[in-house]
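Below is one structure; the comments refer to it alone.
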Amino acid sequence: MHFKKTSIYSLSLVLILSSCSGKKEEEKTVYENTKFTKGTENTVHLTEKQIQSVGLTITSLQNRNMEKLVRLNGKAEIAPSHISSVSSIMGGHIKSINVINGSHFNKGQVLAVVEDPQFIQLQQDYLVTKAQLEAARLNFTRQKDLNTSKASSDKTMQTAQADYSTLNATLKGLEEKLRIIGINAKGLSTGNIRSRINIYAPFTGFVSKILVNNGQYINPADTLFELINPAGLLLELKVFENDVNDIKTGQDILVYNNQHPDQKSNAKIISVVPSIENGGSATAVAKLSSVNAGFVKGMYINAEVNISSRYTQGLPNEAVVSYENKNYVFEDLGKSKYKMIPVVTGISDDQFTEIVKADFLKDKKIVQKGAYGLLMMLKNKAE
């Protein structure tokens, strides 16, 4: 009887310990399956049907020359030096406006016509002064001759000389004022005095803003138009922190807009702002190699920068998957088992991604097509 009690007690103890051990093992398995970094939980086992569904293909580590392709994006802007505000040198009423917002114009084209009686007065003053100057010149010449023969005093000659010099300076000033408002003083006569002046385009470009209307009275300080010179178009590009060291002044780049991604234009990096903004990016400024009407102020643009090539080891892009900011590949272990392996990536192009210190992948079979599907299966298993 004593033996039976002891046996029952021993058996109970074994069952309890076995139960506790099983419970701990079960808890351990659940815990490990929520991780991607230890043991067999990095392994996925597929059925034949799943393999066909995912469409797995196998590749291996390859040696090749690779170029790092950095993609940037940003906006087209105009350098402040190439945005001009146009005003009239003298006030008056707007008689006509010959352009509209966004219209193209050529250097010397008439943008608007301004009318005012003061333009008549300025031309009249010029012609009167010109006549007075001629009379003063003749008087000064006469007084100089008389003074030479002592028939006229020095004071009289000096007064004649001062009158001539004053009128000459006045005429030069009036001539310059007429030039500024677009009237050729040399060809001015009493028969072609006019009440209107033209506002001419200072360069070839586009109208950004029209700030006046017909009949409006304007003052000399009023801005009539804001004009854009497309030669000053700049491309302000965002450079993420990981690529900052690869982007340098003088690099040639290709740029395009979202509407025509197949039409790429040449440009050059002209400056890189040496600071990282709150968004984690710096700013690079580029300039088109030639004026392109397809790029306008405010347009979103994209750019591609090819960094110098190097001989390295890599895998096709689709073989490398990312999860929680880390990169992985899947090794084919055979018997429908696939193990996820962390890797460190380097440069990449349109087809391949460099694997840094990749010797440990040598001779391994790596999943190419279907790697992302395996990642999703493994993630769902962990959850």
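Please note that chains go A, B, ... in the order of the structure tokens, that every chain numbers its residues from 1, and that ligands are numbered from 1 in the order shown.
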
* To do: Taking the DSSP assignment computed from this structure's backbone, write out as a PyMOL selection string all residues of region 111-155 of chain A that belong to strand (DSSP E).
  => chain A and resi 111-115

Dump as a compact mmCIF listing (two decimals), in the first residue's frame, selection limited to C-alpha atoms:
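Result file is out37.txt:
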```txt
# COMPACT_ATOMS: atom_id res chain seq x y z
CA LEU A 111 4.02 96.47 -73.43
CA ALA A 112 1.84 99.52 -72.76
CA VAL A 113 1.25 103.14 -73.80
CA VAL A 114 1.08 106.00 -71.29
CA GLU A 115 -0.36 109.45 -72.09
```

* **Close residues, region 303-315 of chain A itself excluded, 6 Å, only C-alpha atoms, min 2 positions apart in chain, as a list in words** => Leu61, Gln62, Asn63, Arg64, Asn65, Met66, Glu67, Lys68, Leu69, Val70, Arg71, Leu72, Asn73, Ile253, Leu254, Val255, Phe352, Thr353, Glu354 and Ile355 of chain A

Counting only C-alpha atoms, which residues of region 279-369 of chain A fall within 12 Å of region 79-93 of chain A, and what is the closest atom pair for each with its distance in Å at one decimal, ordered by chain and rising number, as a Markdown table?
```
| residue | atom | partner | partner_atom | distance |
| --- | --- | --- | --- | --- |
| A:Val285 | CA | A:Ala79 | CA | 10.6 |
| A:Ala286 | CA | A:Ala79 | CA | 11.3 |
| A:Lys287 | CA | A:Ala79 | CA | 10.3 |
| A:Lys297 | CA | A:Ala79 | CA | 10.0 |
```

* Asked: What's the 8 Å shell around region 369-374 of chain A, counting only C-alpha atoms, without same-chain residues fewer than 5 positions away, as a list in words?
  ->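 The contact residues come out as Val44, Val54, Gly55, Leu56, Thr57, Ile58, Glu318, Ala319, Val320, Val321, Val329 and Phe330 of chain A.
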
Next, write the just-selected residues to a file, as a CSV table (one decimal), in the first residue's frame, keeping N, CA, C and O atoms as the atom set.
```
chain,number,residue,atom,x,y,z
A,44,VAL,N,10.5,30.2,-43.7
A,44,VAL,CA,9.1,30.0,-44.2
A,44,VAL,C,9.1,28.6,-44.9
A,44,VAL,O,10.0,28.4,-45.7
A,54,VAL,N,3.1,31.9,-55.6
A,54,VAL,CA,4.0,33.0,-55.4
A,54,VAL,C,4.9,33.2,-56.7
A,54,VAL,O,5.3,34.3,-57.0
A,55,GLY,N,5.1,32.1,-57.4
A,55,GLY,CA,5.9,32.1,-58.6
A,55,GLY,C,7.4,32.4,-58.3
A,55,GLY,O,8.0,33.3,-58.9
A,56,LEU,N,8.0,31.6,-57.4
A,56,LEU,CA,9.4,31.9,-57.0
A,56,LEU,C,10.4,31.6,-58.2
A,56,LEU,O,10.2,30.7,-58.9
A,57,THR,N,11.4,32.5,-58.3
A,57,THR,CA,12.5,32.2,-59.1
A,57,THR,C,13.8,32.4,-58.3
A,57,THR,O,13.8,33.1,-57.3
A,58,ILE,N,14.9,31.8,-58.7
A,58,ILE,CA,16.1,31.8,-57.9
A,58,ILE,C,17.2,32.5,-58.6
A,58,ILE,O,17.3,32.4,-59.9
A,318,GLU,N,14.5,43.1,-57.1
A,318,GLU,CA,13.3,42.4,-56.5
A,318,GLU,C,13.7,41.3,-55.5
A,318,GLU,O,12.9,40.8,-54.8
A,319,ALA,N,15.0,41.0,-55.5
A,319,ALA,CA,15.5,40.0,-54.5
A,319,ALA,C,15.7,40.6,-53.1
A,319,ALA,O,15.7,39.9,-52.1
A,320,VAL,N,15.7,41.9,-53.0
A,320,VAL,CA,16.0,42.6,-51.8
A,320,VAL,C,14.7,43.3,-51.3
A,320,VAL,O,14.1,44.0,-52.0
A,321,VAL,N,14.3,42.9,-50.1
A,321,VAL,CA,13.0,43.5,-49.5
A,321,VAL,C,13.4,44.2,-48.2
A,321,VAL,O,14.4,44.0,-47.6
A,329,VAL,N,17.2,39.4,-47.6
A,329,VAL,CA,17.0,38.5,-48.8
A,329,VAL,C,16.6,37.2,-48.2
A,329,VAL,O,16.7,36.9,-47.0
A,330,PHE,N,16.0,36.3,-49.1
A,330,PHE,CA,15.6,35.0,-48.7
A,330,PHE,C,16.5,34.0,-49.4
A,330,PHE,O,16.7,33.9,-50.6
```

* To do: Compare A:Ser290, A:Gln123, A:Thr156, A:Ser336 by their minimum atom-to-atom distance to Asn266 (chain A), counting only C-alpha atoms, and give me the closest one.
  =>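 Smallest separation from Asn266 (chain A) among the options: A:Ser290.
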
* In Å, rounded to a single decimal, give me how far CA of Leu234 (chain A) is from CA of Asn292 (chain A). =>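 Computing the Euclidean distance for CA of Asn292 (chain A) and CA of Leu234 (chain A) yields 11.5 Å.
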
* Could you give me, as a ChimeraX atom specification, the residues within 7 Å of Val239 (chain A), counting only C-alpha atoms and dropping anything in the same chain fewer than 4 positions from it? => /A:72,243-244,281-284

* From a DSSP calculation on the backbone, collect every residue of region 59-298 of chain A in helix (DSSP H, G or I) and output the set as a VMD selection string. => chain A and resid 80 to 82 117 to 148 154 to 180 185 to 187 230 to 232 241 to 246

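Using only C-alpha atoms, the nearest neighbour of Leu46 (chain A) within the list A:Pro202, A:Gly346, A:Gly182, A:Gly334 is A:Gly334.
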
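Once Leu361 (chain A) and its same-chain neighbours fewer than 5 positions away are set aside, A:Ser60, A:Leu61, A:Glu331, A:Ile366 remain within 9 Å of it when counting only C-alpha atoms.
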